[in-house]
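K.L.:
My questions will all concern the structure given below.
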Amino acid sequence: MEMLSPSQVEAFKGVQQRLAPDLLNRVLTASVEAVYPARASASHWNFDLPSHAADEALGADATDAMRRALVATWVLEMAERVETAALPVEVHELYPFWLDKLAAFLTEAADGDAEYDRDHYAKDVRFALVLSVPGAKTQTIDLSSPMGPGQVVRNGRDGYGWSQVLAYAKAQGWKKPWLEVHTESRHTDDFTEAGWDRAWATAAAICKTRPELAGMIGSSWFYDPPLETISPRLAYLRVNPLKGGAFIIHQGPAPIHSERCGATSPTRRAMIESGEYLPRSWLVAWPKSTLIPWAEARKAALAAEEKQAA
């Protein structure tokens, strides 16, 4: 299966070749040793565990140059993993974009010996091992994430509603894995309503090929109900899934949510600093029983629009 373009192959090999031969040999050895523990930890709630497994295989003295070379090595081998994963066309058609972005990112960082941000590294390890796949141009999708019943019960106990328990039970959410969406801050091309709808639709396509899944979840301050009036342009992030049959679970405030919520909006930042607004994280859960029909209706509507425009 040909997946990488010649220029992409050249870029990823170039990242490897910046290492001295002895260090590259360590990376190549780690690229074999780390695969099993990284994949075995992928479904844990801790998103970073696969990258921790990679670091353990690299050794305590691993440098960021070695980490970049490890990701590049796995990407050069990922075509077989993608084929084995039997992913739908909605995922495959996004790979050229994502591979171009990753090749450029690793090359630029290697040229300047830049620090490898830990969140970026965690995401890149998962991407290269096909533990996460493209959902749109700004969103990746984890292929297996847990959603335990404790937070669903706490949501009702704390006064945020008990109807979610029924929806969770109907989806058999405690015993089935979920897809989980993540935002990629390095390229926000699709951080739009259409982009997010595409990500949800990609999740539906994956669910159709994997009957063991419960649906898709996402966890962020994006879904905080007050944003509907504070930042109306972001209301679609919560409203669209809810209209399509999703439900939301309250997770609560934390400094990281306040930091991220205020980072891109002076208005929100001022409200947070004054104490007028305390951002809270919410988990959106969209069961496949409603996600797939929503995606099919969206596809039909887009086709009708194209036909009308032709």
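Simple scheme: letters A, B, ... for chains in structure tokens order, numbers from 1 for residues in each chain, numbers from 1 for ligands in the order shown.
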May I have the residues within 10 Å of A:Ala128 as a list in words, using only C-alpha atoms and disregarding those fewer than 3 positions away in the same chain?

P.N.:
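Surrounding residues, per the criterion: Leu70, Val71, Ala72, Thr73, Trp74, Val75, Leu76, Glu77, Met78, Ala79, Arg81, Val82, Leu99, Leu102, Lys123, Asp124, Val125, Leu131, Ser132 and Val133 of chain A.
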
K.L.:
List the spatial neighbours of A:Lys288 as a list in words - criterion: any atom at most 9 Å away, only C-alpha atoms, same-chain residues fewer than 6 positions off excluded.

P.N.:
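Contacts, with the query itself left out: Ala171, Ala203, Ala204, Cys207, Lys208, Leu213, Ala214, Gly215 and Met216 of chain A.
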
K.L.:
Any idea what's packed within 6 Å of stretch 140-155 of chain A, counting only C-alpha atoms, ignoring anything in its chain fewer than 2 positions away? Could you give it as a CSV table (one decimal) with all heavy atoms, in the first residue's frame?

P.N.:
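Dumped everything to result.csv:
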```csv
chain,number,residue,atom,x,y,z
A,43,SER,N,-6.0,2.6,25.2
A,43,SER,CA,-7.4,2.8,25.5
A,43,SER,C,-7.6,3.3,27.0
A,43,SER,O,-8.8,3.5,27.4
A,43,SER,CB,-8.2,1.5,25.4
A,43,SER,OG,-7.6,0.5,26.2
A,131,LEU,N,-3.2,5.0,16.5
A,131,LEU,CA,-4.1,4.9,17.7
A,131,LEU,C,-5.1,6.1,17.6
A,131,LEU,O,-6.2,6.0,18.2
A,131,LEU,CB,-3.3,5.0,19.0
A,131,LEU,CG,-2.1,4.0,19.1
A,131,LEU,CD1,-1.3,4.3,20.3
A,131,LEU,CD2,-2.7,2.6,19.1
A,132,SER,N,-4.7,7.1,17.0
A,132,SER,CA,-5.6,8.2,16.6
A,132,SER,C,-5.5,8.4,15.1
A,132,SER,O,-4.5,8.2,14.5
A,132,SER,CB,-5.2,9.5,17.3
A,132,SER,OG,-5.2,9.4,18.7
A,133,VAL,N,-6.6,8.8,14.5
A,133,VAL,CA,-6.7,9.0,13.1
A,133,VAL,C,-7.3,10.3,12.7
A,133,VAL,O,-8.0,11.0,13.6
A,133,VAL,CB,-7.5,7.9,12.4
A,133,VAL,CG1,-6.9,6.5,12.7
A,133,VAL,CG2,-9.0,7.9,12.9
A,134,PRO,N,-7.1,10.8,11.5
A,134,PRO,CA,-7.7,12.1,11.1
A,134,PRO,C,-9.2,12.1,11.1
A,134,PRO,O,-9.8,11.1,10.6
A,134,PRO,CB,-7.1,12.4,9.7
A,134,PRO,CG,-5.9,11.5,9.6
A,134,PRO,CD,-6.2,10.3,10.4
A,135,GLY,N,-9.8,13.2,11.7
A,135,GLY,CA,-11.3,13.3,11.7
A,135,GLY,C,-11.7,14.4,10.8
A,135,GLY,O,-12.7,14.4,10.1
A,157,ARG,N,-26.2,13.4,40.4
A,157,ARG,CA,-26.2,13.7,41.8
A,157,ARG,C,-25.9,15.2,42.1
A,157,ARG,O,-26.4,15.7,43.1
A,157,ARG,CB,-25.0,12.8,42.4
A,157,ARG,CG,-24.9,13.0,43.9
A,157,ARG,CD,-23.6,12.4,44.4
A,157,ARG,NE,-22.5,13.2,43.8
A,157,ARG,CZ,-21.2,12.8,43.8
A,157,ARG,NH1,-20.9,11.6,44.2
A,157,ARG,NH2,-20.3,13.6,43.3
A,158,ASP,N,-25.1,15.8,41.2
A,158,ASP,CA,-24.7,17.2,41.4
A,158,ASP,C,-25.7,18.2,40.8
A,158,ASP,O,-25.5,19.4,40.8
A,158,ASP,CB,-23.3,17.5,40.8
A,158,ASP,CG,-22.2,16.7,41.6
A,158,ASP,OD1,-22.5,16.3,42.7
A,158,ASP,OD2,-21.1,16.6,41.0
A,160,TYR,N,-27.1,18.2,37.6
A,160,TYR,CA,-27.0,18.5,36.2
A,160,TYR,C,-27.9,17.6,35.3
A,160,TYR,O,-27.8,17.6,34.0
A,160,TYR,CB,-25.5,18.4,35.7
A,160,TYR,CG,-24.7,19.5,36.4
A,160,TYR,CD1,-23.9,19.2,37.5
A,160,TYR,CD2,-24.7,20.8,35.9
A,160,TYR,CE1,-23.2,20.2,38.1
A,160,TYR,CE2,-24.0,21.8,36.5
A,160,TYR,CZ,-23.2,21.5,37.6
A,160,TYR,OH,-22.5,22.5,38.2
A,174,TRP,N,-20.8,1.8,29.4
A,174,TRP,CA,-19.8,1.3,30.4
A,174,TRP,C,-19.0,0.1,29.9
A,174,TRP,O,-17.9,-0.1,30.4
A,174,TRP,CB,-20.6,1.0,31.7
A,174,TRP,CG,-21.4,-0.3,31.5
A,174,TRP,CD1,-21.1,-1.6,31.8
A,174,TRP,CD2,-22.8,-0.3,31.0
A,174,TRP,NE1,-22.1,-2.4,31.5
A,174,TRP,CE2,-23.2,-1.7,31.0
A,174,TRP,CE3,-23.7,0.7,30.6
A,174,TRP,CZ2,-24.5,-2.1,30.6
A,174,TRP,CZ3,-24.9,0.3,30.1
A,174,TRP,CH2,-25.3,-1.1,30.1
A,177,PRO,N,-16.2,0.5,24.1
A,177,PRO,CA,-15.3,1.7,23.9
A,177,PRO,C,-15.9,2.8,23.0
A,177,PRO,O,-16.9,2.5,22.3
A,177,PRO,CB,-14.1,1.0,23.1
A,177,PRO,CG,-14.7,-0.1,22.4
A,177,PRO,CD,-15.8,-0.6,23.3
A,178,TRP,N,-15.4,4.0,23.2
A,178,TRP,CA,-15.9,5.1,22.5
A,178,TRP,C,-14.8,5.7,21.6
A,178,TRP,O,-13.6,5.5,22.0
A,178,TRP,CB,-16.4,6.2,23.4
A,178,TRP,CG,-17.5,5.9,24.3
A,178,TRP,CD1,-17.6,5.1,25.4
A,178,TRP,CD2,-18.9,6.4,24.1
A,178,TRP,NE1,-18.8,5.0,25.9
A,178,TRP,CE2,-19.7,5.8,25.2
A,178,TRP,CE3,-19.5,7.3,23.2
A,178,TRP,CZ2,-21.0,6.1,25.3
A,178,TRP,CZ3,-20.9,7.6,23.4
A,178,TRP,CH2,-21.6,7.0,24.4
A,179,LEU,N,-15.1,6.3,20.5
A,179,LEU,CA,-14.1,7.2,19.8
A,179,LEU,C,-14.0,8.5,20.7
A,179,LEU,O,-15.0,8.8,21.4
A,179,LEU,CB,-14.6,7.5,18.4
A,179,LEU,CG,-14.9,6.3,17.5
A,179,LEU,CD1,-15.5,6.8,16.2
A,179,LEU,CD2,-13.6,5.6,17.2
A,180,GLU,N,-12.9,9.2,20.5
A,180,GLU,CA,-12.8,10.4,21.2
A,180,GLU,C,-12.1,11.5,20.3
A,180,GLU,O,-11.1,11.2,19.7
A,180,GLU,CB,-12.0,10.3,22.5
A,180,GLU,CG,-11.9,11.6,23.3
A,180,GLU,CD,-11.5,11.4,24.8
A,180,GLU,OE1,-11.0,10.3,25.1
A,180,GLU,OE2,-11.5,12.4,25.5
A,181,VAL,N,-12.7,12.6,20.3
A,181,VAL,CA,-12.2,13.7,19.4
A,181,VAL,C,-11.2,14.6,20.2
A,181,VAL,O,-11.4,14.9,21.3
A,181,VAL,CB,-13.4,14.5,18.8
A,181,VAL,CG1,-14.1,15.3,19.9
A,181,VAL,CG2,-12.9,15.5,17.7
A,182,HIS,N,-10.2,15.0,19.5
A,182,HIS,CA,-9.2,15.9,20.0
A,182,HIS,C,-8.9,17.0,19.0
A,182,HIS,O,-8.9,16.8,17.8
A,182,HIS,CB,-7.9,15.2,20.4
A,182,HIS,CG,-8.0,14.2,21.5
A,182,HIS,ND1,-8.0,14.6,22.8
A,182,HIS,CD2,-8.2,12.9,21.4
A,182,HIS,CE1,-8.1,13.5,23.6
A,182,HIS,NE2,-8.3,12.5,22.8
A,249,ILE,N,-22.2,15.8,29.9
A,249,ILE,CA,-21.9,15.4,31.3
A,249,ILE,C,-21.0,16.5,31.8
A,249,ILE,O,-20.0,16.8,31.3
A,249,ILE,CB,-21.2,14.1,31.3
A,249,ILE,CG1,-22.0,12.9,30.8
A,249,ILE,CG2,-20.8,13.7,32.8
A,249,ILE,CD1,-23.3,12.7,31.5
A,250,HIS,N,-21.4,17.0,33.0
A,250,HIS,CA,-20.6,18.1,33.6
A,250,HIS,C,-19.4,17.5,34.3
A,250,HIS,O,-19.4,16.5,35.0
A,250,HIS,CB,-21.5,18.8,34.7
A,250,HIS,CG,-20.7,19.8,35.5
A,250,HIS,ND1,-20.2,19.6,36.8
A,250,HIS,CD2,-20.4,21.1,35.2
A,250,HIS,CE1,-19.7,20.7,37.2
A,250,HIS,NE2,-19.7,21.6,36.3
```

K.L.:
Considering only C-alpha atoms, state which residue in the set A:His52, A:Lys299, A:Arg68, A:Arg26 is at the smallest distance from A:Ala205.

P.N.:
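Of all the options, A:Lys299 lies closest to A:Ala205.
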
K.L.:
Please report, as a PyMOL selection string, each residue of stretch 71-280 of chain A to which DSSP assigns alpha helix (DSSP H) when run on this structure's backbone.

P.N.:
chain A and resi 71-76+78-85+89-92+95-112+118-128+149-157+163-170+193-209+227-230+236-243+255-263+266-274

K.L.:
Could those selected residues go to a file with C-alpha atoms, as a JSON list (two decimals), in the first residue's frame?

P.N.:
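Saved file selection18.json follows:
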```json
[["chain", "number", "residue", "atom", "x", "y", "z"],
["A", 71, "VAL", "CA", 7.84, 9.47, 15.35],
["A", 72, "ALA", "CA", 9.34, 9.75, 11.86],
["A", 73, "THR", "CA", 10.33, 6.06, 11.94],
["A", 74, "TRP", "CA", 6.82, 5.00, 12.88],
["A", 75, "VAL", "CA", 5.29, 7.22, 10.20],
["A", 76, "LEU", "CA", 7.52, 5.61, 7.56],
["A", 78, "MET", "CA", 2.45, 3.32, 9.17],
["A", 79, "ALA", "CA", 0.96, 2.28, 5.81],
["A", 80, "GLU", "CA", 0.61, -1.32, 6.98],
["A", 81, "ARG", "CA", -0.99, -0.18, 10.24],
["A", 82, "VAL", "CA", -3.49, 1.97, 8.37],
["A", 83, "GLU", "CA", -4.37, -0.90, 6.05],
["A", 84, "THR", "CA", -4.83, -3.27, 8.99],
["A", 85, "ALA", "CA", -7.12, -0.76, 10.71],
["A", 89, "VAL", "CA", -12.60, 6.55, 3.00],
["A", 90, "GLU", "CA", -13.52, 9.58, 5.12],
["A", 91, "VAL", "CA", -10.30, 8.98, 7.10],
["A", 92, "HIS", "CA", -8.09, 7.98, 4.17],
["A", 95, "TYR", "CA", -4.08, 11.51, 5.46],
["A", 96, "PRO", "CA", -2.19, 13.50, 2.76],
["A", 97, "PHE", "CA", -3.02, 16.77, 4.53],
["A", 98, "TRP", "CA", -2.00, 15.47, 7.96],
["A", 99, "LEU", "CA", 1.20, 13.82, 6.71],
["A", 100, "ASP", "CA", 2.25, 17.05, 4.98],
["A", 101, "LYS", "CA", 1.65, 18.99, 8.20],
["A", 102, "LEU", "CA", 3.58, 16.50, 10.34],
["A", 103, "ALA", "CA", 6.49, 16.33, 7.89],
["A", 104, "ALA", "CA", 6.78, 20.13, 7.89],
["A", 105, "PHE", "CA", 6.49, 20.33, 11.68],
["A", 106, "LEU", "CA", 9.16, 17.70, 12.37],
["A", 107, "THR", "CA", 11.51, 19.07, 9.71],
["A", 108, "GLU", "CA", 11.29, 22.65, 10.97],
["A", 109, "ALA", "CA", 11.76, 21.54, 14.58],
["A", 110, "ALA", "CA", 14.72, 19.31, 13.65],
["A", 111, "ASP", "CA", 16.38, 22.12, 11.68],
["A", 112, "GLY", "CA", 16.21, 24.37, 14.72],
["A", 118, "ARG", "CA", 4.84, 17.18, 25.34],
["A", 119, "ASP", "CA", 1.25, 17.47, 24.15],
["A", 120, "HIS", "CA", 2.37, 17.54, 20.52],
["A", 121, "TYR", "CA", 4.62, 14.55, 21.12],
["A", 122, "ALA", "CA", 1.78, 12.59, 22.74],
["A", 123, "LYS", "CA", -0.49, 13.34, 19.79],
["A", 124, "ASP", "CA", 2.19, 12.48, 17.22],
["A", 125, "VAL", "CA", 2.98, 9.12, 18.85],
["A", 126, "ARG", "CA", -0.69, 8.18, 18.75],
["A", 127, "PHE", "CA", -1.03, 9.37, 15.15],
["A", 128, "ALA", "CA", 2.05, 7.50, 13.92],
["A", 149, "PRO", "CA", -20.28, 5.33, 34.78],
["A", 150, "GLY", "CA", -18.99, 7.34, 37.75],
["A", 151, "GLN", "CA", -19.07, 10.70, 35.99],
["A", 152, "VAL", "CA", -22.53, 10.02, 34.59],
["A", 153, "VAL", "CA", -23.87, 9.34, 38.08],
["A", 154, "ARG", "CA", -22.08, 12.39, 39.53],
["A", 155, "ASN", "CA", -23.67, 14.52, 36.83],
["A", 156, "GLY", "CA", -27.14, 13.61, 38.14],
["A", 157, "ARG", "CA", -26.16, 13.69, 41.81],
["A", 163, "SER", "CA", -31.66, 11.76, 31.70],
["A", 164, "GLN", "CA", -28.04, 11.22, 30.69],
["A", 165, "VAL", "CA", -28.01, 7.99, 32.70],
["A", 166, "LEU", "CA", -30.71, 6.51, 30.46],
["A", 167, "ALA", "CA", -28.90, 7.62, 27.29],
["A", 168, "TYR", "CA", -25.66, 6.16, 28.62],
["A", 169, "ALA", "CA", -27.37, 2.88, 29.49],
["A", 170, "LYS", "CA", -29.01, 2.61, 26.05],
["A", 193, "GLU", "CA", -18.84, 24.64, 12.18],
["A", 194, "ALA", "CA", -18.35, 22.78, 8.89],
["A", 195, "GLY", "CA", -15.05, 21.36, 10.11],
["A", 196, "TRP", "CA", -16.53, 20.04, 13.34],
["A", 197, "ASP", "CA", -19.51, 18.59, 11.50],
["A", 198, "ARG", "CA", -17.01, 16.80, 9.25],
["A", 199, "ALA", "CA", -15.24, 15.35, 12.29],
["A", 200, "TRP", "CA", -18.49, 14.04, 13.75],
["A", 201, "ALA", "CA", -19.41, 12.59, 10.35],
["A", 202, "THR", "CA", -16.03, 10.86, 10.11],
["A", 203, "ALA", "CA", -16.70, 9.34, 13.52],
["A", 204, "ALA", "CA", -20.03, 8.04, 12.25],
["A", 205, "ALA", "CA", -18.27, 6.43, 9.29],
["A", 206, "ILE", "CA", -15.85, 4.68, 11.65],
["A", 207, "CYS", "CA", -18.73, 3.52, 13.85],
["A", 208, "LYS", "CA", -20.43, 1.93, 10.84],
["A", 209, "THR", "CA", -17.38, -0.27, 10.29],
["A", 227, "LEU", "CA", -20.54, 30.23, 25.98],
["A", 228, "GLU", "CA", -23.79, 30.37, 24.04],
["A", 229, "THR", "CA", -24.15, 33.97, 25.27],
["A", 230, "ILE", "CA", -20.50, 34.82, 26.05],
["A", 236, "TYR", "CA", -22.47, 25.21, 17.49],
["A", 237, "LEU", "CA", -19.81, 23.14, 19.30],
["A", 238, "ARG", "CA", -22.39, 22.11, 21.89],
["A", 239, "VAL", "CA", -25.70, 22.83, 20.18],
["A", 240, "ASN", "CA", -25.16, 20.82, 16.99],
["A", 241, "PRO", "CA", -24.35, 17.53, 18.74],
["A", 242, "LEU", "CA", -27.24, 18.00, 21.19],
["A", 243, "LYS", "CA", -29.66, 18.62, 18.33],
["A", 255, "PRO", "CA", -7.13, 26.03, 36.03],
["A", 256, "ILE", "CA", -6.29, 24.43, 32.67],
["A", 257, "HIS", "CA", -9.81, 25.14, 31.37],
["A", 258, "SER", "CA", -9.61, 28.79, 32.46],
["A", 259, "GLU", "CA", -6.19, 29.11, 30.84],
["A", 260, "ARG", "CA", -7.27, 27.64, 27.52],
["A", 261, "CYS", "CA", -10.62, 29.38, 27.46],
["A", 262, "GLY", "CA", -9.03, 32.80, 27.92],
["A", 263, "ALA", "CA", -6.07, 32.24, 25.60],
["A", 266, "PRO", "CA", -9.70, 39.03, 25.38],
["A", 267, "THR", "CA", -13.38, 39.18, 26.31],
["A", 268, "ARG", "CA", -13.41, 35.75, 27.93],
["A", 269, "ARG", "CA", -10.04, 36.38, 29.57],
["A", 270, "ALA", "CA", -11.32, 39.61, 31.16],
["A", 271, "MET", "CA", -14.45, 37.88, 32.44],
["A", 272, "ILE", "CA", -12.36, 35.05, 33.90],
["A", 273, "GLU", "CA", -9.90, 37.42, 35.58],
["A", 274, "SER", "CA", -12.71, 39.51, 37.08]]
```

K.L.:
If you measure from atom CA of A:Ser51 to atom CA of A:Leu129, what distance in Å do you get, rounded to one decimal?

P.N.:
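Answer for the atom CA of A:Ser51 to atom CA of A:Leu129 separation: 10.5 Å.
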
K.L.:
When DSSP works through the backbone of this structure, what residues of stretch 164-290 of chain A end up as strand (DSSP E or B), shown as an MDAnalysis selection string?

P.N.:
chainID A and resid 178:183 215:220 247:252 281:287

K.L.:
Convert the current residue selection to file output with N, CA and C atoms, as a PDB file, in the first residue's frame.

P.N.:
```
ATOM      1  N   TRP A 178     -15.433   3.969  23.222  1.00  0.00           N
ATOM      2  CA  TRP A 178     -15.900   5.141  22.483  1.00  0.00           C
ATOM      3  C   TRP A 178     -14.757   5.679  21.631  1.00  0.00           C
ATOM      4  N   LEU A 179     -15.079   6.294  20.530  1.00  0.00           N
ATOM      5  CA  LEU A 179     -14.149   7.168  19.839  1.00  0.00           C
ATOM      6  C   LEU A 179     -14.041   8.450  20.655  1.00  0.00           C
ATOM      7  N   GLU A 180     -12.932   9.157  20.532  1.00  0.00           N
ATOM      8  CA  GLU A 180     -12.807  10.437  21.246  1.00  0.00           C
ATOM      9  C   GLU A 180     -12.124  11.458  20.346  1.00  0.00           C
ATOM     10  N   VAL A 181     -12.715  12.640  20.255  1.00  0.00           N
ATOM     11  CA  VAL A 181     -12.206  13.701  19.388  1.00  0.00           C
ATOM     12  C   VAL A 181     -11.237  14.596  20.160  1.00  0.00           C
ATOM     13  N   HIS A 182     -10.165  15.014  19.466  1.00  0.00           N
ATOM     14  CA  HIS A 182      -9.184  15.938  20.026  1.00  0.00           C
ATOM     15  C   HIS A 182      -8.900  17.035  19.012  1.00  0.00           C
ATOM     16  N   THR A 183      -8.619  18.236  19.516  1.00  0.00           N
ATOM     17  CA  THR A 183      -8.312  19.372  18.658  1.00  0.00           C
ATOM     18  C   THR A 183      -6.809  19.518  18.502  1.00  0.00           C
ATOM     19  N   GLY A 215     -19.998   5.033  20.259  1.00  0.00           N
ATOM     20  CA  GLY A 215     -20.207   6.338  19.649  1.00  0.00           C
ATOM     21  C   GLY A 215     -18.945   7.161  19.794  1.00  0.00           C
ATOM     22  N   MET A 216     -19.090   8.491  19.850  1.00  0.00           N
ATOM     23  CA  MET A 216     -17.914   9.343  20.037  1.00  0.00           C
ATOM     24  C   MET A 216     -18.139  10.332  21.169  1.00  0.00           C
ATOM     25  N   ILE A 217     -17.051  10.604  21.905  1.00  0.00           N
ATOM     26  CA  ILE A 217     -17.078  11.577  22.989  1.00  0.00           C
ATOM     27  C   ILE A 217     -16.056  12.677  22.724  1.00  0.00           C
ATOM     28  N   GLY A 218     -16.239  13.790  23.416  1.00  0.00           N
ATOM     29  CA  GLY A 218     -15.278  14.883  23.399  1.00  0.00           C
ATOM     30  C   GLY A 218     -15.381  15.620  24.718  1.00  0.00           C
ATOM     31  N   SER A 219     -14.257  16.052  25.246  1.00  0.00           N
ATOM     32  CA  SER A 219     -14.233  16.697  26.559  1.00  0.00           C
ATOM     33  C   SER A 219     -13.497  18.025  26.463  1.00  0.00           C
ATOM     34  N   SER A 220     -14.165  19.130  26.825  1.00  0.00           N
ATOM     35  CA  SER A 220     -13.534  20.445  26.707  1.00  0.00           C
ATOM     36  C   SER A 220     -14.400  21.527  27.329  1.00  0.00           C
ATOM     37  N   PHE A 247     -25.615  13.785  24.312  1.00  0.00           N
ATOM     38  CA  PHE A 247     -25.913  14.288  25.654  1.00  0.00           C
ATOM     39  C   PHE A 247     -24.610  14.771  26.275  1.00  0.00           C
ATOM     40  N   ILE A 248     -24.711  15.624  27.300  1.00  0.00           N
ATOM     41  CA  ILE A 248     -23.503  16.188  27.896  1.00  0.00           C
ATOM     42  C   ILE A 248     -23.434  15.884  29.388  1.00  0.00           C
ATOM     43  N   ILE A 249     -22.190  15.750  29.864  1.00  0.00           N
ATOM     44  CA  ILE A 249     -21.900  15.419  31.252  1.00  0.00           C
ATOM     45  C   ILE A 249     -21.010  16.506  31.847  1.00  0.00           C
ATOM     46  N   HIS A 250     -21.403  17.040  32.986  1.00  0.00           N
ATOM     47  CA  HIS A 250     -20.616  18.080  33.644  1.00  0.00           C
ATOM     48  C   HIS A 250     -19.357  17.482  34.257  1.00  0.00           C
ATOM     49  N   GLN A 251     -18.203  18.115  34.004  1.00  0.00           N
ATOM     50  CA  GLN A 251     -16.938  17.655  34.578  1.00  0.00           C
ATOM     51  C   GLN A 251     -16.337  18.647  35.570  1.00  0.00           C
ATOM     52  N   GLY A 252     -16.674  19.929  35.418  1.00  0.00           N
ATOM     53  CA  GLY A 252     -16.251  20.896  36.412  1.00  0.00           C
ATOM     54  C   GLY A 252     -15.142  21.830  35.974  1.00  0.00           C
ATOM     55  N   SER A 281     -15.443  22.330  32.223  1.00  0.00           N
ATOM     56  CA  SER A 281     -15.350  21.315  31.184  1.00  0.00           C
ATOM     57  C   SER A 281     -16.612  20.452  31.188  1.00  0.00           C
ATOM     58  N   TRP A 282     -17.049  20.098  30.005  1.00  0.00           N
ATOM     59  CA  TRP A 282     -18.181  19.190  29.826  1.00  0.00           C
ATOM     60  C   TRP A 282     -17.771  18.105  28.850  1.00  0.00           C
ATOM     61  N   LEU A 283     -18.322  16.944  29.033  1.00  0.00           N
ATOM     62  CA  LEU A 283     -18.095  15.833  28.110  1.00  0.00           C
ATOM     63  C   LEU A 283     -19.331  15.672  27.239  1.00  0.00           C
ATOM     64  N   VAL A 284     -19.138  15.767  25.932  1.00  0.00           N
ATOM     65  CA  VAL A 284     -20.211  15.490  24.978  1.00  0.00           C
ATOM     66  C   VAL A 284     -20.115  14.038  24.560  1.00  0.00           C
ATOM     67  N   ALA A 285     -21.197  13.302  24.674  1.00  0.00           N
ATOM     68  CA  ALA A 285     -21.243  11.896  24.260  1.00  0.00           C
ATOM     69  C   ALA A 285     -22.322  11.741  23.201  1.00  0.00           C
ATOM     70  N   TRP A 286     -21.919  11.272  22.035  1.00  0.00           N
ATOM     71  CA  TRP A 286     -22.869  11.116  20.929  1.00  0.00           C
ATOM     72  C   TRP A 286     -22.970   9.628  20.582  1.00  0.00           C
ATOM     73  N   PRO A 287     -24.001   8.937  21.066  1.00  0.00           N
ATOM     74  CA  PRO A 287     -24.152   7.503  20.770  1.00  0.00           C
ATOM     75  C   PRO A 287     -24.308   7.257  19.274  1.00  0.00           C
TER      76      PRO A 287
END
```

K.L.:
Give me the residues within 12 Å of A:Tyr36 as a ChimeraX atom specification, counting only C-alpha atoms and dropping any in the same chain fewer than 3 places off.

P.N.:
/A:30-33,39-42,50,53-54,57,129,131

K.L.:
Out of A:Phe12, A:Trp294, A:Ser231, A:Asp224, which residue has the shortest atom-to-atom distance to A:Leu278 when counting only C-alpha atoms?

P.N.:
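Closest to A:Leu278, using only C-alpha atoms: A:Asp224.
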
K.L.:
Using only C-alpha atoms, can you tell me which of A:Leu87, A:Ala295, A:Val130, A:Leu234 comes closest to A:Arg210?

P.N.:
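Of all the options, A:Leu87 lies closest to A:Arg210.
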
K.L.:
For a test of reading the model, state the distance in Å between atom CA of A:Pro279 and atom CA of A:Phe191, rounded to one decimal.

P.N.:
19.6 Å

K.L.:
Which value, in Å to one decimal, gives the distance between atom CA of A:Gln8 and atom CA of A:Thr138?

P.N.:
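A separation of 19.7 Å between them.
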